[in-house]
>>> print(open('final-v1.cif').read())   # mmCIF, C-alpha atoms
data_run
loop_
_atom_site.label_atom_id
_atom_site.label_comp_id
_atom_site.auth_asym_id
_atom_site.auth_seq_id
_atom_site.Cartn_x
_atom_site.Cartn_y
_atom_site.Cartn_z
CA LEU A 1 -9.15 0.58 -27.32
CA LEU A 2 -7.78 1.97 -30.58
CA ASN A 3 -4.58 -0.04 -30.31
CA LYS A 4 -5.04 -3.47 -28.75
CA ASP A 5 -1.26 -3.95 -28.60
CA LEU A 6 -1.12 -1.15 -26.03
CA ALA A 7 -4.11 -2.34 -24.02
CA VAL A 8 -2.13 -3.98 -21.22
CA VAL A 9 0.26 -1.05 -20.84
CA LEU A 10 -2.56 1.48 -20.87
CA ARG A 11 -4.43 -0.48 -18.23
CA LEU A 12 -1.26 -0.63 -16.11
CA LEU A 13 -0.74 3.12 -16.53
CA ALA A 14 -4.33 3.70 -15.43
CA ALA A 15 -3.79 1.57 -12.32
CA ALA A 16 -0.56 3.42 -11.52
CA GLY A 17 -2.17 6.81 -12.13
CA TYR A 18 -5.07 6.08 -9.83
CA TYR A 19 -2.74 4.81 -7.11
CA LEU A 20 -0.42 7.81 -7.28
CA GLY A 21 -3.49 10.04 -7.41
CA ASP A 22 -4.51 8.65 -4.01
CA MET A 23 -7.41 6.58 -5.31
CA PRO A 24 -6.28 3.06 -4.33
CA GLY A 25 -9.70 1.46 -4.81
CA ASN A 26 -9.83 2.56 -8.45
CA SER A 27 -6.28 1.32 -8.89
CA VAL A 28 -7.23 -2.14 -7.63
CA VAL A 29 -10.10 -2.29 -10.13
CA GLN A 30 -7.86 -1.36 -13.06
CA LEU A 31 -5.21 -3.84 -11.94
CA SER A 32 -7.75 -6.65 -11.78
CA LYS A 33 -8.71 -6.03 -15.41
CA ILE A 34 -5.19 -6.34 -16.83
CA PRO A 35 -5.52 -10.10 -17.56
CA GLU A 36 -8.53 -9.30 -19.76
CA ASN A 37 -6.23 -7.31 -22.05
CA GLY A 38 -3.41 -9.81 -22.39
CA SER A 39 -0.01 -10.27 -20.81
CA LEU A 40 3.03 -8.12 -20.10
CA GLY A 41 5.20 -10.95 -21.37
CA GLU A 42 8.88 -10.29 -20.78
CA ASP A 43 8.38 -6.66 -19.75
CA GLN A 44 10.32 -6.99 -16.50
CA LEU A 45 9.75 -3.45 -15.27
CA GLY A 46 6.09 -3.62 -16.22
CA LEU A 47 5.79 -6.80 -14.18
CA ALA A 48 7.58 -5.09 -11.31
CA VAL A 49 5.14 -2.15 -11.42
CA THR A 50 2.27 -4.65 -11.36
CA ALA A 51 3.80 -6.39 -8.34
CA ALA A 52 4.28 -3.09 -6.51
CA LEU A 53 0.65 -2.14 -7.16
CA ALA A 54 -0.71 -5.55 -6.11
CA LYS A 55 0.49 -6.89 -2.76
CA PRO A 56 4.22 -6.11 -2.45
CA TRP A 57 4.26 -7.56 1.05
CA GLY A 58 3.61 -11.05 -0.30
CA ASN A 59 4.53 -11.51 -3.96
CA ALA A 60 5.52 -15.14 -3.73
CA ASP A 61 4.55 -15.76 -7.35
CA CYS A 62 6.21 -12.65 -8.73
CA GLU A 63 7.73 -13.22 -12.19
CA VAL A 64 10.27 -10.40 -11.92
CA THR A 65 13.89 -11.50 -12.38
CA ALA A 66 15.66 -8.26 -13.39
CA PRO A 67 18.16 -7.64 -10.56
CA LEU A 68 17.50 -3.91 -10.05
CA ALA A 69 13.72 -4.39 -10.01
CA VAL A 70 14.02 -7.40 -7.70
CA ALA A 71 16.15 -5.34 -5.31
CA VAL A 72 13.48 -2.62 -5.11
CA LEU A 73 10.65 -5.11 -4.52
CA ASP A 74 12.66 -7.05 -1.94
CA ALA A 75 13.41 -3.86 0.00
CA LEU A 76 9.73 -2.89 -0.10
CA ALA A 77 8.66 -6.34 1.09
CA GLU A 78 11.13 -6.11 3.98
CA HIS A 79 9.62 -2.78 5.00
CA PHE A 80 6.15 -4.32 5.21
CA ARG A 81 7.49 -7.33 7.13
CA THR A 82 9.54 -5.47 9.72
CA GLY A 83 8.76 -1.75 9.51
CA GLY A 84 12.38 -1.02 8.59
CA ALA A 85 14.32 -0.92 5.32
CA THR A 86 13.13 2.62 4.49
CA GLU A 87 16.63 3.72 3.57
CA ARG A 88 17.16 0.51 1.61
CA VAL A 89 14.02 1.21 -0.43
CA THR A 90 15.27 4.72 -1.20
CA ALA A 91 18.73 3.45 -2.16
CA THR A 92 17.45 0.71 -4.49
CA ILE A 93 15.09 3.17 -6.20
CA ALA A 94 18.03 5.53 -6.73
CA ARG A 95 20.11 2.77 -8.33
CA LEU A 96 17.23 1.79 -10.61
CA ARG A 97 16.69 5.39 -11.75
CA GLU A 98 20.41 5.90 -12.29
CA TRP A 99 20.44 2.92 -14.67
CA ALA A 100 17.19 3.98 -16.36
CA TYR A 101 18.32 7.53 -17.09
CA SER A 102 21.64 6.36 -18.50
CA SER A 103 20.83 3.15 -20.39
CA ALA A 104 17.11 2.35 -20.60
CA SER A 105 14.65 2.62 -23.47
CA ALA A 106 11.82 5.16 -23.25
CA HIS A 107 9.38 2.50 -22.06
CA GLU A 108 11.82 1.17 -19.46
CA LEU A 109 12.45 4.70 -18.21
CA LEU A 110 8.72 5.27 -17.79
CA MET A 111 8.27 1.99 -15.92
CA ALA A 112 11.34 2.59 -13.76
CA ASP A 113 10.07 6.00 -12.69
CA LEU A 114 6.63 4.56 -11.99
CA LEU A 115 8.11 1.73 -9.94
CA GLY A 116 10.17 4.18 -7.90
CA ALA A 117 7.23 6.52 -7.30
CA ILE A 118 4.87 3.71 -6.33
CA CYS A 119 7.34 2.10 -3.92
CA ALA A 120 8.20 5.43 -2.28
CA THR A 121 4.49 6.15 -1.88
CA ARG A 122 3.90 2.67 -0.46
CA VAL A 123 6.42 3.36 2.30
CA ALA A 124 5.09 6.85 3.00
CA LYS A 125 1.53 5.54 3.43
CA SER A 126 2.34 2.25 5.13
CA ALA A 127 0.85 1.45 8.52
CA TRP A 128 4.36 1.03 9.88
CA THR A 129 5.12 4.65 8.94
CA LEU A 130 1.84 6.32 9.86
CA LEU A 131 0.31 4.52 12.84
CA PRO A 132 3.08 5.50 15.30
CA GLN A 133 2.71 9.13 14.18
CA PHE A 134 -1.08 9.17 14.35
CA SER A 135 -1.38 7.28 17.65
CA GLU A 136 1.69 8.73 19.41
CA LEU A 137 2.65 5.16 20.24
CA SER A 138 5.98 3.54 19.37
CA SER A 139 6.57 1.24 16.43
CA GLU A 140 7.42 -1.45 18.97
CA SER A 141 3.93 -1.15 20.44
CA TRP A 142 2.35 -1.74 17.04
CA ALA A 143 4.83 -4.39 15.86
CA PRO A 144 3.06 -7.54 17.15
CA PHE A 145 -0.10 -6.49 15.28
CA LEU A 146 1.56 -5.17 12.11
CA LYS A 147 3.67 -8.31 11.69
CA ARG A 148 0.54 -10.42 11.33
CA SER A 149 -0.24 -11.51 7.78
CA ALA A 150 -3.82 -10.23 8.05
CA SER A 151 -2.97 -6.82 9.54
CA ILE A 152 -3.49 -3.56 7.71
CA LYS A 153 -0.53 -2.82 5.43
CA GLU A 154 -1.27 0.60 4.00
CA MET A 155 -3.58 3.36 5.19
CA TRP A 156 -6.17 4.57 2.71
CA PRO A 157 -7.19 8.25 2.43
CA SER A 158 -10.15 7.98 4.83
CA GLN A 159 -8.00 6.20 7.43
CA ARG A 160 -5.32 8.88 7.18
CA MET A 161 -8.01 11.54 7.53
CA LEU A 162 -9.05 10.04 10.86
CA GLY A 163 -5.40 10.01 11.90
CA ASP A 164 -5.05 13.70 11.06
CA ALA A 165 -8.18 14.37 13.14
CA GLY A 166 -6.59 12.67 16.16
CA LEU A 167 -8.97 9.72 16.53
CA TYR A 168 -6.10 7.22 16.88
CA ARG A 169 -4.71 9.11 19.85
CA GLY A 170 -7.94 9.37 21.79
CA LYS A 171 -10.02 12.18 20.33
CA SER A 172 -13.72 11.59 19.77
CA GLY A 173 -15.62 12.02 16.52
CA VAL A 174 -18.60 11.10 14.40
CA VAL A 175 -17.50 9.45 11.15
CA GLN A 176 -19.62 9.06 8.02
CA MET A 177 -18.02 7.53 4.94
CA PRO A 178 -19.12 5.79 1.72
CA THR A 179 -18.99 2.04 1.24
CA SER A 180 -15.57 0.37 0.77
CA THR A 181 -13.48 3.28 2.01
CA GLY A 182 -11.92 1.54 5.01
CA LYS A 183 -14.35 2.32 7.86
CA SER A 184 -14.15 -1.11 9.49
CA ARG A 185 -10.35 -1.11 9.46
CA ALA A 186 -10.30 2.44 10.79
CA THR A 187 -12.60 1.45 13.65
CA GLU A 188 -10.33 -1.49 14.43
CA LEU A 189 -7.32 0.83 14.56
CA ILE A 190 -9.10 3.26 16.88
CA VAL A 191 -9.96 0.40 19.26
CA ARG A 192 -6.48 -1.13 19.07
CA SER A 193 -4.78 2.19 19.73
CA ALA A 194 -6.97 2.73 22.79
CA PHE A 195 -5.97 -0.66 24.19
CA LEU A 196 -2.29 -0.20 23.37
CA ALA A 197 -2.25 3.23 25.06
CA SER A 198 -4.11 1.79 28.10
CA ARG A 199 -6.89 4.33 27.66
CA THR A 200 -9.48 1.58 28.06
CA ARG A 201 -9.89 -2.09 28.92
CA LEU A 202 -13.29 -2.56 27.29
CA ALA A 203 -14.69 -1.74 23.86
CA ILE A 204 -18.32 -2.17 22.85
CA VAL A 205 -18.97 -2.39 19.11
CA ILE A 206 -22.54 -2.04 17.83
CA ALA A 207 -23.03 -2.94 14.16
CA PRO A 208 -25.88 -4.14 11.91
CA PHE A 209 -23.99 -7.29 10.93
CA ARG A 210 -22.17 -9.74 13.20
CA ALA A 211 -19.34 -10.07 10.63
CA LEU A 212 -18.44 -6.41 11.14
CA CYS A 213 -17.83 -7.05 14.82
CA GLN A 214 -15.48 -10.00 14.34
#
>>> encode(input="final-v1.cif", output="structure tokens")
Amino acid sequence: LLNKDLAVVLRLLAAAGYYLGDMPGNSVVQLSKIPENGSLGEDQLGLAVTAALAKPWGNADCEVTAPLAVAVLDALAEHFRTGGATERVTATIARLREWAYSSASAHELLMADLLGAICATRVAKSAWTLLPQFSELSSESWAPFLKRSASIKEMWPSQRMLGDAGLYRGKSGVVQMPTSTGKSRATELIVRSAFLASRTRLAIVIAPFRALCQ
């Protein structure tokens, strides 16, 4: 990089850009490389953006202390825990942007807008939001599964594509996707939705590796 002082911020902007551009895998890669470039230090909103891009459903070690940023992250975490708090997320983002546009520095304004956009996108693409729509099953039906710590939290592009095609509500299809695009999770969701809707009592999974069937 031409300016090493900006390396961390540029890497964070790359991660945010990839995420908002619907390329979550690329975002994860950029986020993982941030420690190689240094630290965000006391950049509270930068730290909040990092937390929102990482795993906002379980940021136990989050270093964010700025009240407005904490409020946004807490509301987002509640959404992933319970499936609710959508209006709370929207309200906390609005308060953060109101402060940023009236009192923040240019950098803080940029980070505040990124934080708001990322959190709003997180909610829009969350499994809590999309699975009931795609499967035509209630949120209550999915709740026992989605409340598990290991359950899917957010649906990636390929998984949403299958939802748009109707596979989670019983339609058939042949799916071919590249590596690491969410095929195994998508298959799990198709099977789970079939059981939840009582369309079947038995599922047979044939895979080249035993681990894929577990």
>>> atom_distance(input="final-v1.cif", atom1="atom CA of Glu87 of chain A", atom2="atom CA of Ser103 of chain A")
24.3 Å
>>> closest_residue(input="final-v1.cif", among="A:Val8, A:Ala124, A:Leu45, A:Leu73", to="Gly58 of chain A", atoms="only C-alpha atoms")
A:Leu73
>>> resolve_selection(input="final-v1.cif", expression="the PyMOL selection byres ((chain A and resi 189-198) around 10)", output="JSON, numbers by chain")
{"A": [131, 132, 134, 135, 136, 137, 138, 141, 142, 145, 152, 159, 162, 163, 166, 167, 168, 169, 170, 171, 172, 183, 184, 185, 186, 187, 188, 199, 200, 201, 202, 203, 204, 205]}
>>> closest_residue(input="final-v1.cif", among="A:Ala77, A:Gly46, A:Ser180, A:Met23", to="Leu109 of chain A", atoms="only C-alpha atoms")
A:Gly46
>>> resolve_selection(input="final-v1.cif", expression="the PyMOL selection byres ((chain A and resi 80) around 12)", output="PyMOL selection string")
chain A and resi 52+55-59+73-79+81-86+89+119+122-129+143+146-154
>>> resolve_selection(input="final-v1.cif", expression="the PyMOL selection byres ((chain A and resi 99) around 12)", output="NGL selection string")
:A and (67-69 or 92-98 or 100-105 or 108-109 or 112-113)
>>> residues_around(input="final-v1.cif", residues="Ser39 of chain A", least_positions_apart="6", cutoff="10 Å", atoms="all atoms listed in the file", output="ChimeraX atom specification")
/A:7-9,47
>>> atom_distance(input="final-v1.cif", atom1="atom CA of Ala14 of chain A", atom2="atom CA of Gly38 of chain A")
15.2 Å
>>> atom_distance(input="final-v1.cif", atom1="atom CA of Gln44 of chain A", atom2="atom CA of Val64 of chain A")
5.7 Å
>>> axis_aligned_box(input="final-v1.cif", around="segment 170-181 of chain A", padding_each_side="3 Å", output="JSON")
{"center_x": -13.8, "center_y": 6.3, "center_z": 11.3, "size_x": 17.7, "size_y": 17.8, "size_z": 27.0}
>>> residues_around(input="final-v1.cif", residues="Lys33 of chain A", least_positions_apart="6", cutoff="10 Å", atoms="only C-alpha atoms", output="number ranges by chain")
A: 8, 11-12, 15
>>> build_atoms(input="final-v1.cif", residues="segment 46-57 of chain A", atoms="all heavy atoms", output="PDB file, in the frame of the given file")
ATOM      1  N   GLY A  46       7.542  -3.637 -16.272  1.00  0.00           N
ATOM      2  CA  GLY A  46       6.090  -3.620 -16.220  1.00  0.00           C
ATOM      3  C   GLY A  46       5.567  -4.619 -15.206  1.00  0.00           C
ATOM      4  O   GLY A  46       4.634  -4.340 -14.443  1.00  0.00           O
ATOM      5  N   LEU A  47       6.165  -5.799 -15.179  1.00  0.00           N
ATOM      6  CA  LEU A  47       5.790  -6.800 -14.180  1.00  0.00           C
ATOM      7  C   LEU A  47       6.107  -6.318 -12.771  1.00  0.00           C
ATOM      8  O   LEU A  47       5.345  -6.587 -11.829  1.00  0.00           O
ATOM      9  CB  LEU A  47       6.538  -8.111 -14.461  1.00  0.00           C
ATOM     10  CG  LEU A  47       6.131  -8.875 -15.729  1.00  0.00           C
ATOM     11  CD1 LEU A  47       7.124 -10.000 -16.016  1.00  0.00           C
ATOM     12  CD2 LEU A  47       4.713  -9.438 -15.585  1.00  0.00           C
ATOM     13  N   ALA A  48       7.213  -5.607 -12.622  1.00  0.00           N
ATOM     14  CA  ALA A  48       7.580  -5.090 -11.310  1.00  0.00           C
ATOM     15  C   ALA A  48       6.594  -4.020 -10.843  1.00  0.00           C
ATOM     16  O   ALA A  48       6.223  -3.976  -9.666  1.00  0.00           O
ATOM     17  CB  ALA A  48       8.994  -4.516 -11.352  1.00  0.00           C
ATOM     18  N   VAL A  49       6.156  -3.162 -11.758  1.00  0.00           N
ATOM     19  CA  VAL A  49       5.140  -2.150 -11.420  1.00  0.00           C
ATOM     20  C   VAL A  49       3.854  -2.843 -10.986  1.00  0.00           C
ATOM     21  O   VAL A  49       3.213  -2.448 -10.007  1.00  0.00           O
ATOM     22  CB  VAL A  49       4.892  -1.205 -12.610  1.00  0.00           C
ATOM     23  CG1 VAL A  49       3.677  -0.323 -12.356  1.00  0.00           C
ATOM     24  CG2 VAL A  49       6.117  -0.337 -12.875  1.00  0.00           C
ATOM     25  N   THR A  50       3.472  -3.886 -11.719  1.00  0.00           N
ATOM     26  CA  THR A  50       2.270  -4.650 -11.360  1.00  0.00           C
ATOM     27  C   THR A  50       2.407  -5.244  -9.964  1.00  0.00           C
ATOM     28  O   THR A  50       1.468  -5.189  -9.157  1.00  0.00           O
ATOM     29  CB  THR A  50       2.037  -5.785 -12.377  1.00  0.00           C
ATOM     30  OG1 THR A  50       1.932  -5.225 -13.690  1.00  0.00           O
ATOM     31  CG2 THR A  50       0.773  -6.545 -12.060  1.00  0.00           C
ATOM     32  N   ALA A  51       3.567  -5.806  -9.661  1.00  0.00           N
ATOM     33  CA  ALA A  51       3.800  -6.390  -8.340  1.00  0.00           C
ATOM     34  C   ALA A  51       3.733  -5.337  -7.244  1.00  0.00           C
ATOM     35  O   ALA A  51       3.173  -5.579  -6.166  1.00  0.00           O
ATOM     36  CB  ALA A  51       5.153  -7.096  -8.318  1.00  0.00           C
ATOM     37  N   ALA A  52       4.295  -4.163  -7.508  1.00  0.00           N
ATOM     38  CA  ALA A  52       4.280  -3.090  -6.510  1.00  0.00           C
ATOM     39  C   ALA A  52       2.875  -2.567  -6.257  1.00  0.00           C
ATOM     40  O   ALA A  52       2.539  -2.152  -5.145  1.00  0.00           O
ATOM     41  CB  ALA A  52       5.189  -1.945  -6.966  1.00  0.00           C
ATOM     42  N   LEU A  53       2.031  -2.610  -7.298  1.00  0.00           N
ATOM     43  CA  LEU A  53       0.650  -2.140  -7.160  1.00  0.00           C
ATOM     44  C   LEU A  53      -0.246  -3.193  -6.509  1.00  0.00           C
ATOM     45  O   LEU A  53      -1.268  -2.854  -5.908  1.00  0.00           O
ATOM     46  CB  LEU A  53       0.071  -1.778  -8.526  1.00  0.00           C
ATOM     47  CG  LEU A  53       0.555  -0.483  -9.158  1.00  0.00           C
ATOM     48  CD1 LEU A  53       0.091  -0.396 -10.599  1.00  0.00           C
ATOM     49  CD2 LEU A  53       0.071   0.722  -8.352  1.00  0.00           C
ATOM     50  N   ALA A  54       0.119  -4.463  -6.635  1.00  0.00           N
ATOM     51  CA  ALA A  54      -0.710  -5.550  -6.110  1.00  0.00           C
ATOM     52  C   ALA A  54      -0.502  -5.691  -4.611  1.00  0.00           C
ATOM     53  O   ALA A  54      -1.010  -4.900  -3.836  1.00  0.00           O
ATOM     54  CB  ALA A  54      -0.409  -6.843  -6.859  1.00  0.00           C
ATOM     55  N   LYS A  55       0.232  -6.693  -4.186  1.00  0.00           N
ATOM     56  CA  LYS A  55       0.490  -6.890  -2.760  1.00  0.00           C
ATOM     57  C   LYS A  55       1.993  -7.084  -2.560  1.00  0.00           C
ATOM     58  O   LYS A  55       2.475  -8.208  -2.438  1.00  0.00           O
ATOM     59  CB  LYS A  55      -0.277  -8.099  -2.232  1.00  0.00           C
ATOM     60  CG  LYS A  55      -1.787  -7.909  -2.261  1.00  0.00           C
ATOM     61  CD  LYS A  55      -2.501  -9.125  -1.688  1.00  0.00           C
ATOM     62  CE  LYS A  55      -4.005  -8.909  -1.679  1.00  0.00           C
ATOM     63  NZ  LYS A  55      -4.735 -10.084  -1.139  1.00  0.00           N
ATOM     64  N   PRO A  56       2.752  -5.991  -2.522  1.00  0.00           N
ATOM     65  CA  PRO A  56       4.220  -6.110  -2.450  1.00  0.00           C
ATOM     66  C   PRO A  56       4.733  -6.710  -1.160  1.00  0.00           C
ATOM     67  O   PRO A  56       5.920  -6.991  -1.045  1.00  0.00           O
ATOM     68  CB  PRO A  56       4.677  -4.645  -2.595  1.00  0.00           C
ATOM     69  CG  PRO A  56       3.520  -3.836  -2.121  1.00  0.00           C
ATOM     70  CD  PRO A  56       2.293  -4.599  -2.530  1.00  0.00           C
ATOM     71  N   TRP A  57       3.838  -6.913  -0.200  1.00  0.00           N
ATOM     72  CA  TRP A  57       4.260  -7.560   1.050  1.00  0.00           C
ATOM     73  C   TRP A  57       4.193  -9.067   0.970  1.00  0.00           C
ATOM     74  O   TRP A  57       4.593  -9.754   1.889  1.00  0.00           O
ATOM     75  CB  TRP A  57       3.362  -7.085   2.199  1.00  0.00           C
ATOM     76  CG  TRP A  57       1.920  -7.037   1.830  1.00  0.00           C
ATOM     77  CD1 TRP A  57       1.010  -8.059   1.865  1.00  0.00           C
ATOM     78  CD2 TRP A  57       1.212  -5.895   1.359  1.00  0.00           C
ATOM     79  NE1 TRP A  57      -0.204  -7.624   1.442  1.00  0.00           N
ATOM     80  CE2 TRP A  57      -0.126  -6.295   1.126  1.00  0.00           C
ATOM     81  CE3 TRP A  57       1.567  -4.567   1.110  1.00  0.00           C
ATOM     82  CZ2 TRP A  57      -1.104  -5.413   0.655  1.00  0.00           C
ATOM     83  CZ3 TRP A  57       0.602  -3.700   0.640  1.00  0.00           C
ATOM     84  CH2 TRP A  57      -0.716  -4.114   0.426  1.00  0.00           C
TER      85      TRP A  57
END
